[in-house]
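Peer 1: Dropping in structure_8.txt, with compact mmCIF, C-alpha atoms.
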# COMPACT_ATOMS: atom_id res chain seq x y z
CA MET S 1 78.83 -52.89 39.63
CA ASN S 2 76.58 -55.87 39.18
CA LYS S 3 73.59 -53.60 38.91
CA LYS S 4 75.23 -51.65 36.11
CA VAL S 5 75.98 -54.76 34.10
CA PHE S 6 72.43 -55.97 34.61
CA PHE S 7 70.99 -52.66 33.43
CA LYS S 8 73.17 -52.69 30.32
CA ALA S 9 72.06 -56.23 29.55
CA VAL S 10 68.43 -55.17 29.90
CA ILE S 11 68.98 -52.30 27.47
CA ILE S 12 70.57 -54.59 24.89
CA LEU S 13 67.76 -57.09 25.32
CA LEU S 14 65.26 -54.27 24.93
CA GLY S 15 66.87 -53.24 21.63
CA ILE S 16 66.56 -56.76 20.27
CA LEU S 17 62.99 -57.15 21.49
CA MET S 18 61.97 -53.83 19.96
CA LEU S 19 63.32 -54.83 16.56
CA ALA S 20 61.45 -58.12 16.87
CA ASP S 21 58.30 -56.24 17.87
CA ILE S 22 58.52 -53.95 14.84
CA TYR S 23 58.97 -56.96 12.58
CA MET S 24 56.08 -58.85 14.15
CA ALA S 25 53.67 -55.93 14.10
CA LEU S 26 54.50 -54.58 10.66
CA VAL S 27 55.32 -57.74 8.70
CA TRP S 28 54.68 -61.01 10.44
CA VAL S 29 51.21 -60.73 11.95
CA PRO S 30 48.33 -61.28 9.48
CA PRO S 31 46.25 -58.17 8.73
CA ILE S 32 42.66 -57.70 9.90
CA LYS S 33 39.92 -58.96 7.61
CA VAL S 34 38.66 -55.80 5.92
CA GLU S 35 38.18 -54.91 2.27
CA SER S 36 40.35 -51.86 1.97
CA LEU S 37 44.07 -52.36 1.66
CA THR S 38 44.97 -49.04 3.31
CA GLU S 39 42.90 -49.95 6.33
CA ARG S 40 44.66 -53.29 6.60
CA ILE S 41 48.02 -51.55 6.54
CA ALA S 42 46.96 -48.73 8.83
CA GLN S 43 45.62 -51.13 11.46
CA ARG S 44 49.14 -52.31 12.26
CA ILE S 45 49.78 -49.07 14.11
CA PHE S 46 47.42 -50.45 16.76
CA TYR S 47 50.28 -52.56 18.17
CA PHE S 48 52.18 -49.39 19.08
CA HIS S 49 49.28 -47.05 19.74
CA VAL S 50 47.40 -49.00 22.40
CA PRO S 51 50.36 -50.05 24.58
CA SER S 52 51.59 -46.45 24.56
CA ALA S 53 48.19 -45.23 25.72
CA TRP S 54 48.04 -47.77 28.56
CA LEU S 55 51.53 -46.92 29.74
CA GLY S 56 50.81 -43.20 29.50
CA PHE S 57 47.90 -43.66 31.89
CA LEU S 58 50.03 -45.83 34.14
CA ALA S 59 52.67 -43.09 34.26
CA PHE S 60 50.10 -40.55 35.41
CA PHE S 61 48.90 -42.96 38.04
CA PHE S 62 52.49 -43.08 39.30
CA VAL S 63 52.52 -39.27 39.40
CA PHE S 64 49.44 -39.42 41.60
CA LEU S 65 50.88 -42.11 43.87
CA GLY S 66 54.20 -40.29 44.15
CA SER S 67 52.43 -37.04 44.99
CA ILE S 68 50.31 -38.60 47.71
CA MET S 69 53.28 -40.44 49.17
CA TYR S 70 55.34 -37.26 49.19
CA LEU S 71 52.71 -35.21 51.00
CA TRP S 72 52.24 -38.03 53.47
CA LYS S 73 55.82 -39.10 54.16
CA LYS S 74 57.73 -36.00 53.01
CA VAL S 75 60.43 -38.17 51.52
CA ARG S 76 62.08 -36.48 48.58
CA LYS S 77 62.41 -39.53 46.35
CA TYR S 78 58.64 -39.78 45.92
CA GLU S 79 58.44 -36.31 44.47
CA LEU S 80 61.33 -37.07 42.12
CA LEU S 81 59.54 -40.24 41.03
CA SER S 82 56.43 -38.19 40.22
CA ALA S 83 58.49 -35.76 38.21
CA ALA S 84 60.21 -38.49 36.19
CA SER S 85 56.94 -40.31 35.68
CA ALA S 86 55.14 -37.22 34.41
CA GLU S 87 57.78 -36.68 31.76
CA ILE S 88 57.68 -40.29 30.57
CA GLY S 89 53.87 -40.17 30.60
CA VAL S 90 53.84 -37.08 28.41
CA LEU S 91 56.26 -38.83 26.06
CA PHE S 92 53.98 -41.89 25.72
CA ILE S 93 50.83 -39.82 25.28
CA THR S 94 52.71 -37.86 22.62
CA ILE S 95 53.30 -41.17 20.82
CA VAL S 96 49.56 -41.84 21.11
CA LEU S 97 48.67 -38.40 19.75
CA ILE S 98 51.02 -38.86 16.79
CA THR S 99 50.17 -42.46 15.87
CA GLY S 100 46.43 -41.79 16.24
CA PRO S 101 46.16 -39.24 13.41
CA ILE S 102 48.45 -41.33 11.19
CA TRP S 103 45.89 -44.13 11.48
CA ALA S 104 42.86 -41.82 11.32
CA LYS S 105 43.72 -40.05 8.08
CA PRO S 106 43.41 -43.11 5.79
CA VAL S 107 40.58 -44.72 7.78
CA TRP S 108 38.38 -41.79 8.85
CA GLY S 109 39.56 -39.39 6.16
CA VAL S 110 40.56 -36.76 8.69
CA TRP S 111 43.60 -36.38 10.91
CA TRP S 112 41.63 -35.33 13.93
CA THR S 113 38.08 -35.30 15.21
CA TRP S 114 36.92 -33.88 18.55
CA ASP S 115 35.81 -37.25 19.80
CA THR S 116 35.84 -38.39 23.43
CA ARG S 117 39.03 -40.35 23.49
CA LEU S 118 40.97 -38.00 21.26
CA THR S 119 39.93 -34.89 23.12
CA SER S 120 40.48 -36.37 26.55
CA SER S 121 43.92 -37.67 25.57
CA LEU S 122 44.83 -34.19 24.40
CA VAL S 123 43.52 -32.58 27.58
CA LEU S 124 45.36 -35.21 29.63
CA TRP S 125 48.53 -34.34 27.76
CA LEU S 126 47.98 -30.62 28.44
CA ILE S 127 47.43 -31.22 32.17
CA TYR S 128 50.72 -33.05 32.59
CA VAL S 129 52.63 -30.66 30.36
CA ALA S 130 51.42 -27.90 32.70
CA TYR S 131 52.59 -30.01 35.65
CA ILE S 132 56.08 -30.23 34.12
CA PHE S 133 56.09 -26.49 33.38
CA LEU S 134 55.09 -25.74 36.95
CA ARG S 135 57.89 -27.85 38.32
CA ARG S 136 60.42 -26.20 36.06
CA SER S 137 59.44 -22.67 36.93
CA LEU S 138 59.65 -23.20 40.69
CA PRO S 139 62.92 -22.90 42.56
CA ASP S 140 64.23 -26.23 43.75
CA GLY S 141 63.20 -27.13 47.28
CA LYS S 142 60.43 -28.25 49.58
CA LYS S 143 58.06 -25.60 48.26
CA ARG S 144 58.35 -27.01 44.75
CA ALA S 145 57.77 -30.53 45.99
CA ASN S 146 54.65 -29.49 47.90
CA LEU S 147 53.13 -27.43 45.12
CA SER S 148 53.74 -29.91 42.32
CA SER S 149 52.39 -32.76 44.45
CA VAL S 150 49.16 -30.84 44.98
CA VAL S 151 48.81 -30.37 41.22
CA GLY S 152 49.68 -34.04 40.66
CA ILE S 153 46.75 -35.04 42.86
CA ILE S 154 44.23 -32.55 41.45
CA GLY S 155 45.18 -33.54 37.89
CA PHE S 156 44.55 -37.20 38.56
CA PHE S 157 41.05 -36.59 39.92
CA ASP S 158 40.23 -34.35 37.00
CA VAL S 159 41.11 -36.79 34.22
CA PRO S 160 38.13 -39.17 34.57
CA ILE S 161 35.78 -36.17 34.83
CA VAL S 162 37.19 -34.74 31.60
CA TYR S 163 36.59 -38.07 29.88
CA PHE S 164 33.05 -38.30 31.24
CA SER S 165 32.22 -34.71 30.30
CA ILE S 166 33.04 -35.19 26.62
CA ARG S 167 31.17 -38.47 26.39
CA TRP S 168 27.82 -37.29 25.12
CA TRP S 169 29.18 -37.05 21.60
CA GLU S 170 29.05 -40.46 20.04
CA THR S 171 32.52 -41.86 19.95
CA GLN S 172 33.99 -42.86 16.61
CA HIS S 173 36.99 -44.38 18.20
CA PRO S 174 37.18 -48.18 17.86
CA GLN S 175 35.96 -49.82 21.03
CA ALA S 176 38.46 -51.26 23.40
CA VAL S 177 39.18 -54.57 21.68
CA MET S 178 40.34 -56.21 24.86
CA ALA S 179 37.19 -55.32 26.75
CA ASN S 180 34.62 -57.07 24.56
CA GLY S 181 36.14 -60.51 24.40
CA SER S 182 38.05 -61.42 21.28
CA GLY S 183 36.70 -58.38 19.44
CA GLY S 184 37.73 -59.67 16.05
CA MET S 185 41.29 -60.32 17.11
CA SER S 186 42.70 -63.71 16.19
CA GLY S 187 44.98 -65.61 18.51
CA VAL S 188 48.08 -64.60 16.60
CA MET S 189 47.07 -60.96 16.71
CA LEU S 190 46.39 -61.15 20.40
CA GLY S 191 49.78 -62.77 20.89
CA THR S 192 51.49 -60.01 18.92
CA PHE S 193 49.62 -57.39 20.88
CA LEU S 194 50.62 -58.92 24.22
CA PHE S 195 54.21 -59.19 23.05
CA SER S 196 54.15 -55.56 22.00
CA LEU S 197 52.65 -54.58 25.32
CA PHE S 198 55.41 -56.43 27.11
CA VAL S 199 58.14 -54.78 25.03
CA PHE S 200 56.65 -51.33 25.54
CA THR S 201 56.34 -51.92 29.27
CA LEU S 202 59.99 -52.86 29.40
CA PHE S 203 60.83 -49.76 27.35
CA PHE S 204 58.75 -47.69 29.76
CA SER S 205 60.47 -49.17 32.82
CA VAL S 206 63.94 -48.56 31.39
CA LEU S 207 63.10 -44.95 30.50
CA LEU S 208 61.53 -44.31 33.87
CA THR S 209 64.51 -45.77 35.72
CA LEU S 210 66.95 -43.74 33.66
CA ARG S 211 65.04 -40.50 34.07
CA TYR S 212 64.56 -41.09 37.77
CA LYS S 213 68.29 -41.68 38.21
CA GLN S 214 69.05 -38.55 36.22
CA ILE S 215 66.72 -36.40 38.28
CA SER S 216 68.08 -37.82 41.53
CA LEU S 217 71.64 -37.07 40.46
CA GLU S 218 70.62 -33.55 39.46
CA ASP S 219 69.05 -33.18 42.86
CA LYS S 220 72.20 -34.37 44.64
CA MET S 221 74.32 -32.04 42.55
CA ASN S 222 72.14 -29.06 43.42
CA LYS S 223 72.49 -29.90 47.08
CA LEU S 224 76.28 -30.01 46.77
CA TYR S 225 76.28 -26.66 44.98
CA LYS S 226 74.28 -25.13 47.76
CA GLU S 227 76.66 -26.49 50.35
CA LEU S 228 79.61 -25.09 48.42
CA GLU S 229 78.03 -21.68 48.26
CA GLN S 230 77.42 -21.53 51.96
CA MET U 1 34.19 -19.62 59.39
CA LYS U 2 34.66 -16.27 61.09
CA LEU U 3 38.18 -16.14 59.74
CA ALA U 4 37.04 -16.99 56.22
CA LEU U 5 34.55 -14.13 56.36
CA ALA U 6 37.26 -11.81 57.70
CA ILE U 7 39.43 -12.61 54.67
CA LEU U 8 36.46 -12.02 52.41
CA LYS U 9 35.77 -8.68 54.09
CA LYS U 10 39.41 -7.64 53.83
CA ASP U 11 39.55 -8.49 50.12
CA MET U 12 36.32 -6.66 49.45
CA GLU U 13 37.58 -3.56 51.24
CA ILE U 14 40.82 -3.56 49.25
CA GLU U 15 38.92 -4.02 46.02
CA PHE U 16 36.29 -1.39 46.64
CA ARG U 17 38.89 1.17 47.54
CA SER U 18 40.36 0.98 44.04
CA LYS U 19 37.81 -1.14 42.12
CA GLU U 20 40.81 -2.07 40.01
CA SER U 21 40.14 -5.76 39.46
CA ILE U 22 36.48 -5.57 38.65
CA ILE U 23 36.82 -2.59 36.32
CA SER U 24 39.71 -4.11 34.40
CA MET U 25 37.80 -7.39 34.11
CA TRP U 26 34.75 -5.55 32.85
CA ILE U 27 36.65 -3.53 30.22
CA PHE U 28 38.49 -6.65 29.12
CA SER U 29 35.20 -8.48 28.57
CA LEU U 30 33.82 -5.57 26.61
CA LEU U 31 36.92 -5.71 24.41
CA ILE U 32 36.37 -9.42 23.83
CA PHE U 33 32.80 -8.72 22.69
CA VAL U 34 34.03 -6.09 20.24
CA ILE U 35 36.82 -8.25 18.87
CA PHE U 36 34.58 -11.30 18.51
CA ASN U 37 32.09 -9.24 16.63
CA PHE U 38 34.69 -8.50 13.98
CA THR U 39 36.36 -11.88 13.87
CA PHE U 40 33.03 -13.67 13.45
CA GLU U 41 31.19 -11.25 11.22
CA THR U 42 28.15 -13.34 10.65
CA SER U 43 24.38 -13.55 10.60
CA ARG U 44 22.38 -13.09 13.76
CA LEU U 45 21.25 -16.70 13.74
CA LEU U 46 24.80 -17.98 13.75
CA MET U 47 25.78 -15.40 16.32
CA LEU U 48 23.13 -16.77 18.67
CA GLN U 49 24.65 -20.21 18.25
CA ILE U 50 28.11 -19.09 19.27
CA ALA U 51 26.86 -16.62 21.91
CA PRO U 52 27.04 -19.03 24.89
CA GLY U 53 30.62 -19.90 24.03
CA LEU U 54 31.46 -16.26 23.59
CA LEU U 55 29.96 -15.35 26.95
CA TRP U 56 32.00 -17.96 28.79
CA VAL U 57 35.18 -17.21 26.89
CA SER U 58 34.85 -13.63 28.05
CA PHE U 59 34.09 -14.73 31.63
CA ILE U 60 37.06 -17.04 31.76
CA PHE U 61 39.55 -14.70 30.11
CA SER U 62 38.51 -11.83 32.32
CA GLY U 63 38.25 -14.10 35.34
CA MET U 64 41.94 -14.88 34.88
CA LEU U 65 42.72 -11.22 35.58
CA GLY U 66 41.00 -11.50 38.93
CA LEU U 67 42.54 -14.86 39.78
CA ASN U 68 46.03 -13.69 38.90
CA ARG U 69 45.68 -10.89 41.38
CA ALA U 70 44.11 -13.00 44.10
CA PHE U 71 47.39 -13.99 45.73
CA LEU U 72 49.72 -11.42 44.21
CA LEU U 73 49.03 -8.79 46.85
CA GLU U 74 49.23 -11.40 49.59
CA LYS U 75 52.63 -12.47 48.37
CA GLU U 76 53.98 -8.95 47.88
CA ASN U 77 53.00 -8.02 51.40
CA GLY U 78 54.39 -11.23 52.86
CA ASN U 79 50.95 -12.36 53.96
CA LEU U 80 51.40 -15.89 52.66
CA LYS U 81 54.01 -16.61 55.31
CA SER U 82 51.88 -15.16 58.09
CA MET U 83 48.90 -17.15 56.83
CA ALA U 84 50.97 -20.33 57.08
CA LEU U 85 51.85 -19.45 60.65
CA MET U 86 48.28 -18.83 61.74
CA PRO U 87 47.16 -21.36 64.32
CA VAL U 88 44.07 -22.34 62.33
CA ASP U 89 43.09 -24.94 59.79
CA SER U 90 44.62 -23.74 56.49
CA GLY U 91 41.52 -24.89 54.68
CA VAL U 92 39.67 -21.97 56.23
CA ILE U 93 42.06 -19.55 54.54
CA TYR U 94 41.27 -21.28 51.27
CA VAL U 95 37.56 -20.85 51.90
CA GLY U 96 38.05 -17.14 52.56
CA LYS U 97 40.02 -16.58 49.38
CA PHE U 98 37.61 -18.75 47.43
CA LEU U 99 34.65 -16.67 48.66
CA SER U 100 36.30 -13.44 47.64
CA THR U 101 37.36 -14.59 44.15
CA THR U 102 33.90 -16.06 43.55
CA LEU U 103 32.15 -12.91 44.72
CA PHE U 104 34.33 -10.75 42.44
CA MET U 105 33.59 -13.04 39.57
CA LEU U 106 29.84 -12.89 40.17
CA ILE U 107 29.76 -9.12 40.57
CA PHE U 108 31.72 -8.74 37.35
CA GLU U 109 29.43 -11.19 35.54
CA ILE U 110 26.33 -9.30 36.60
CA LEU U 111 27.90 -6.05 35.42
CA ILE U 112 28.81 -7.40 31.99
CA LEU U 113 25.65 -9.41 31.33
CA PRO U 114 23.39 -6.49 30.25
CA PHE U 115 25.98 -5.47 27.66
CA PHE U 116 26.15 -9.00 26.33
CA ILE U 117 22.37 -9.10 25.97
CA VAL U 118 22.24 -5.72 24.23
CA PHE U 119 25.21 -6.19 21.92
CA TYR U 120 24.20 -9.60 20.66
CA ASP U 121 20.47 -9.04 20.84
CA ILE U 122 19.88 -12.04 23.07
CA PRO U 123 16.16 -12.90 23.29
CA LEU U 124 14.78 -12.74 26.82
CA SER U 125 12.56 -15.68 27.65
CA ALA U 126 11.11 -17.24 30.75
CA VAL U 127 13.93 -19.77 31.11
CA MET U 128 16.38 -16.86 31.48
CA MET U 129 15.64 -17.10 35.19
CA TYR U 130 17.94 -20.12 35.30
CA LEU U 131 20.87 -18.03 34.11
CA PRO U 132 21.90 -16.76 37.58
CA LEU U 133 22.00 -20.34 38.80
CA ILE U 134 24.22 -21.34 35.86
CA LEU U 135 26.50 -18.38 36.52
CA LEU U 136 26.76 -19.38 40.16
CA VAL U 137 27.64 -23.06 39.72
CA GLY U 138 29.81 -22.36 36.67
CA SER U 139 31.77 -19.65 38.42
CA ILE U 140 32.29 -21.80 41.49
CA GLY U 141 33.69 -24.52 39.24
CA PHE U 142 36.10 -21.99 37.80
CA THR U 143 37.14 -20.39 41.09
CA SER U 144 37.29 -23.56 43.21
CA LEU U 145 40.28 -24.79 41.22
CA GLY U 146 41.32 -21.27 40.21
CA THR U 147 41.88 -20.15 43.79
CA ILE U 148 44.16 -23.01 44.80
CA LEU U 149 46.07 -22.91 41.51
CA SER U 150 46.49 -19.15 41.84
CA ALA U 151 48.03 -19.73 45.26
CA ILE U 152 50.37 -22.23 43.61
CA SER U 153 51.33 -20.28 40.50
CA VAL U 154 52.04 -17.09 42.46
CA HIS U 155 55.31 -18.70 43.53
CA THR U 156 56.56 -19.13 39.97
CA ARG U 157 58.41 -16.78 37.69
CA ASP U 158 55.79 -16.39 34.95
CA ASN U 159 52.82 -16.79 37.24
CA GLN U 160 50.20 -15.39 34.85
CA ILE U 161 50.81 -17.68 31.91
CA LEU U 162 51.32 -20.65 34.19
CA LEU U 163 47.97 -20.17 35.88
CA SER U 164 46.23 -20.41 32.51
CA LEU U 165 48.29 -23.45 31.55
CA LEU U 166 47.32 -25.22 34.76
CA LEU U 167 43.73 -24.14 35.06
CA TRP U 168 42.30 -24.35 31.56
CA PRO U 169 42.79 -28.04 30.86
CA LEU U 170 41.44 -28.88 34.31
CA ILE U 171 38.23 -26.91 33.82
CA THR U 172 37.38 -28.27 30.36
CA PRO U 173 34.45 -30.22 31.86
CA ILE U 174 33.02 -27.02 33.36
CA ILE U 175 33.40 -25.17 30.06
CA ILE U 176 31.73 -27.95 28.07
CA TRP U 177 28.80 -28.26 30.48
CA VAL U 178 28.23 -24.62 31.16
CA VAL U 179 28.28 -23.59 27.49
CA LYS U 180 25.79 -26.33 26.69
CA ILE U 181 23.21 -25.27 29.26
CA THR U 182 23.76 -21.56 28.65
CA GLY U 183 22.87 -22.39 25.05
CA ASP U 184 19.58 -23.90 26.28
CA VAL U 185 18.74 -20.75 28.15
CA ILE U 186 19.56 -18.49 25.19
CA GLU U 187 17.48 -20.62 22.85
CA GLY U 188 14.60 -20.26 25.27
CA GLU U 189 13.97 -23.97 25.69
CA LEU U 190 15.51 -26.33 28.20
CA SER U 191 16.71 -29.60 26.73
CA SER U 192 16.31 -32.87 28.61
CA SER U 193 19.98 -32.79 29.58
CA PHE U 194 19.69 -29.39 31.29
CA PHE U 195 19.14 -30.57 34.85
CA PRO U 196 21.47 -33.59 34.70
CA ILE U 197 24.24 -31.25 33.53
CA LEU U 198 23.46 -28.75 36.25
CA ILE U 199 23.85 -31.56 38.77
CA ARG U 200 27.14 -32.63 37.21
CA ILE U 201 28.52 -29.12 37.48
CA THR U 202 27.45 -28.98 41.12
CA LEU U 203 29.18 -32.31 41.76
CA PHE U 204 32.34 -31.02 40.08
CA ASP U 205 32.19 -27.97 42.37
CA ILE U 206 31.79 -30.11 45.48
CA ILE U 207 34.58 -32.51 44.51
CA PHE U 208 37.15 -29.82 43.80
CA LEU U 209 36.15 -27.60 46.70
CA THR U 210 36.72 -30.55 49.01
CA ILE U 211 40.02 -31.58 47.43
CA SER U 212 41.30 -28.00 47.43
CA TYR U 213 40.18 -27.48 51.01
CA LEU U 214 42.09 -30.58 52.10
CA LEU U 215 45.21 -29.84 50.08
CA PHE U 216 45.53 -26.13 50.81
CA GLU U 217 47.58 -26.83 53.90
CA PHE U 218 50.40 -28.12 51.68
CA VAL U 219 50.23 -25.07 49.45
CA LEU U 220 50.99 -22.77 52.39
CA GLN U 221 53.59 -25.08 53.92
CA ASP U 222 57.26 -24.28 53.46
Take the structure in the file and give it back as structure tokens.

Peer 2:
Amino acid sequence: MNKKVFFKAVIILLGILMLADIYMALVWVPPIKVESLTERIAQRIFYFHVPSAWLGFLAFFFVFLGSIMYLWKKVRKYELLSAASAEIGVLFITIVLITGPIWAKPVWGVWWTWDTRLTSSLVLWLIYVAYIFLRRSLPDGKKRANLSSVVGIIGFFDVPIVYFSIRWWETQHPQAVMANGSGGMSGVMLGTFLFSLFVFTLFFSVLLTLRYKQISLEDKMNKLYKELEQ
Amino acid sequence: MKLALAILKKDMEIEFRSKESIISMWIFSLLIFVIFNFTFETSRLLMLQIAPGLLWVSFIFSGMLGLNRAFLLEKENGNLKSMALMPVDSGVIYVGKFLSTTLFMLIFEILILPFFIVFYDIPLSAVMMYLPLILLVGSIGFTSLGTILSAISVHTRDNQILLSLLLWPLITPIIIWVVKITGDVIEGELSSSFFPILIRITLFDIIFLTISYLLFEFVLQD
């Protein structure tokens, strides 16, 4: 019971924090110092785009970990964690793939270019969509767990190679601002970004927990059905 | 290793009795050449630029036909279960199947290549001698992952479409690299990135052959 109340409280808190995050990112934080007005407005999408990308990658790392743990320990919950994580990862990369073009159109003049980061995000998305499809088209059971775990591991090793293989085209994508020191970000902007990252991480954790619970319940239900049939 | 070769021999015997896979792959590739010719009705110069891509698109599309069949017969005849029960390292079974899919792929590629050269008037130059090497490493890249994923997708309802969904995004690096260096060979001049790319493809092959070899045990497991 206590757990339930706690989870509800977290969800309410998350709602408030998300509203605050939207306000901070879209209104409160000062814009970047560039000439064009559209660019100054468009840049604000950064506060949603980058955290989503990070969490998308994190989700796929969880898929990999879950897959390895399943094949090693053969405990069902690891496979279910991978499954839930893949779905949430695809969701976050979808956010990235939608917010990216919205920013790119006013700034680059095109919705899409076949640049390293864009292409590899799309391929990443395709890999994990295929993973979800695979899981859905296999009958429930140990076989499904084994096969999807194998794909979860192969996919994870492939992603950095995909990124590396596209790299000989010069990237247009803005460099990772966090990597090269301040990178033109003022303290307030950095603060807003970190806040946004925190809120998105919380959002991610709540979604992952919910989806994991759902999948586990589904799994339990299927087991009961099978027992009834026998 | 003996077992792997036995699987290879078995697959070759089945194939050469009917020649079904290789002939259907070959006709399919021919069809792709014809269709591309009409969809990209263009000057010869431009055609030469898209030729490497066209060649590999036809290899990959036709290669899917072979890969789809790789484990279909095994499953229909209940061989997958007996393979899982064999008292050997499952990786060896993977190696056997990998050898047979790769050999099919290479035979088919050699059969279709003359038609590609004739239809698109590909200039023959000295650097053409690198083409077999490119075909070899490129095809291994395709079949190394293709074989294990075919063994996975054969258990699903729509196994054919699912194999493409799984395999194509994973082999994007191979496609990018192989098309680039095939372009070098067709142009008749190797660029400075030719050998580094060849090495990258070989590394890709080694990485995914090893991973697939290690993981194949879990694919057969029930």

Peer 1: Taking all atoms listed in the file into account, find every residue of chain U that has an atom no more than 10 Å from chain S, and write it out as JSON, numbers by chain.

Peer 2: {"U": [145, 148, 149, 151, 152, 153, 154, 155, 156, 157, 158, 159, 162, 163, 164, 165, 166, 167, 168, 169, 170, 171, 172, 173, 174, 175, 176, 177, 197, 200, 201, 204, 207, 208, 211, 212, 215, 216, 217, 218, 219, 220, 221, 222]}

Peer 1: Using all atoms listed in the file, pick whichever of S:Ser82, S:Ser36, S:Ser121, S:Asn2 has the shortest atom-to-atom distance to Thr94 (chain S).

Peer 2: S:Ser121

Peer 1: Compare S:Tyr23, S:Tyr78, S:Phe46, S:Trp72 by their minimum atom-to-atom distance to Ile102 (chain S), counting all atoms listed in the file, and give me the closest one.

Peer 2: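 Residue with the minimum atom-to-atom distance to Ile102 (chain S): S:Phe46.
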
Peer 1: CA of Thr143 (chain U) to CA of Asn79 (chain U): how many Å, to one decimal?

Peer 2: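 Computing the Euclidean distance for CA of Thr143 (chain U) and CA of Asn79 (chain U) yields 20.5 Å.
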
Peer 1: Select, from U:Asp11, U:Phe116, U:Glu109, U:Met1, the residue with the minimum atom-to-atom distance to Asn37 (chain U), counting all atoms listed in the file.

Peer 2: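 Between U:Asp11, U:Phe116, U:Glu109, U:Met1, the residue approaching Asn37 (chain U) most closely is U:Phe116.
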
Peer 1: With a distance cut-off of 10 Å and all atoms listed in the file, select the neighbouring residues of Leu13 (chain S), excluding the residue or stretch itself and same-chain residues fewer than 5 positions from it, and output the selection as a list in words.

Peer 2: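 That gives Phe7, Lys8, Met18, Val199 and Leu202 of chain S.
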
Peer 1: Just want the 12 Å neighbourhood of Phe98 (chain U), counted on all atoms listed in the file, with same-chain residues fewer than 4 positions away dropped. Output as a PDB file with C-alpha atoms, keeping the file's coordinate frame.

Peer 2:
ATOM      1  CA  ALA U   4      37.040 -16.990  56.220  1.00  0.00           C
ATOM      2  CA  LEU U   5      34.550 -14.130  56.360  1.00  0.00           C
ATOM      3  CA  ILE U   7      39.430 -12.610  54.670  1.00  0.00           C
ATOM      4  CA  LEU U   8      36.460 -12.020  52.410  1.00  0.00           C
ATOM      5  CA  ASP U  11      39.550  -8.490  50.120  1.00  0.00           C
ATOM      6  CA  GLY U  66      41.000 -11.500  38.930  1.00  0.00           C
ATOM      7  CA  LEU U  67      42.540 -14.860  39.780  1.00  0.00           C
ATOM      8  CA  ALA U  70      44.110 -13.000  44.100  1.00  0.00           C
ATOM      9  CA  PHE U  71      47.390 -13.990  45.730  1.00  0.00           C
ATOM     10  CA  GLY U  91      41.520 -24.890  54.680  1.00  0.00           C
ATOM     11  CA  VAL U  92      39.670 -21.970  56.230  1.00  0.00           C
ATOM     12  CA  ILE U  93      42.060 -19.550  54.540  1.00  0.00           C
ATOM     13  CA  TYR U  94      41.270 -21.280  51.270  1.00  0.00           C
ATOM     14  CA  THR U 102      33.900 -16.060  43.550  1.00  0.00           C
ATOM     15  CA  LEU U 103      32.150 -12.910  44.720  1.00  0.00           C
ATOM     16  CA  PHE U 104      34.330 -10.750  42.440  1.00  0.00           C
ATOM     17  CA  MET U 105      33.590 -13.040  39.570  1.00  0.00           C
ATOM     18  CA  SER U 139      31.770 -19.650  38.420  1.00  0.00           C
ATOM     19  CA  ILE U 140      32.290 -21.800  41.490  1.00  0.00           C
ATOM     20  CA  GLY U 141      33.690 -24.520  39.240  1.00  0.00           C
ATOM     21  CA  PHE U 142      36.100 -21.990  37.800  1.00  0.00           C
ATOM     22  CA  THR U 143      37.140 -20.390  41.090  1.00  0.00           C
ATOM     23  CA  SER U 144      37.290 -23.560  43.210  1.00  0.00           C
ATOM     24  CA  LEU U 145      40.280 -24.790  41.220  1.00  0.00           C
ATOM     25  CA  GLY U 146      41.320 -21.270  40.210  1.00  0.00           C
ATOM     26  CA  THR U 147      41.880 -20.150  43.790  1.00  0.00           C
ATOM     27  CA  ILE U 148      44.160 -23.010  44.800  1.00  0.00           C
ATOM     28  CA  LEU U 149      46.070 -22.910  41.510  1.00  0.00           C
ATOM     29  CA  SER U 150      46.490 -19.150  41.840  1.00  0.00           C
ATOM     30  CA  ALA U 151      48.030 -19.730  45.260  1.00  0.00           C
ATOM     31  CA  ASP U 205      32.190 -27.970  42.370  1.00  0.00           C
ATOM     32  CA  PHE U 208      37.150 -29.820  43.800  1.00  0.00           C
ATOM     33  CA  LEU U 209      36.150 -27.600  46.700  1.00  0.00           C
ATOM     34  CA  THR U 210      36.720 -30.550  49.010  1.00  0.00           C
ATOM     35  CA  SER U 212      41.300 -28.000  47.430  1.00  0.00           C
ATOM     36  CA  TYR U 213      40.180 -27.480  51.010  1.00  0.00           C
ATOM     37  CA  PHE U 216      45.530 -26.130  50.810  1.00  0.00           C
TER      38      PHE U 216
END

Peer 1: Would you kindly return, as a tab-separated table (two decimals) with C-alpha atoms, in the coordinates of the input, each protein, DNA or RNA residue with an atom no farther than 8 Å from any atom of Trp26 (chain U), considering all atoms listed in the file and excluding same-chain residues fewer than 5 positions away?

Peer 2:
chain	number	residue	atom	x	y	z
U	62	SER	CA	38.51	-11.83	32.32
U	108	PHE	CA	31.72	-8.74	37.35
U	111	LEU	CA	27.90	-6.05	35.42
U	112	ILE	CA	28.81	-7.40	31.99

Peer 1: May I have the residues within 8 Å of region 38-44 of chain U as JSON, numbers by chain, using all atoms listed in the file and disregarding those fewer than 4 positions away in the same chain?

Peer 2: {"U": [34, 48, 120]}

Peer 1: Could you please take those selected residues and save C-alpha atoms as a CSV table (one decimal), in the frame of the given file?

Peer 2:
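Wrote again.csv, looks like this:
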chain,number,residue,atom,x,y,z
U,34,VAL,CA,34.0,-6.1,20.2
U,48,LEU,CA,23.1,-16.8,18.7
U,120,TYR,CA,24.2,-9.6,20.7
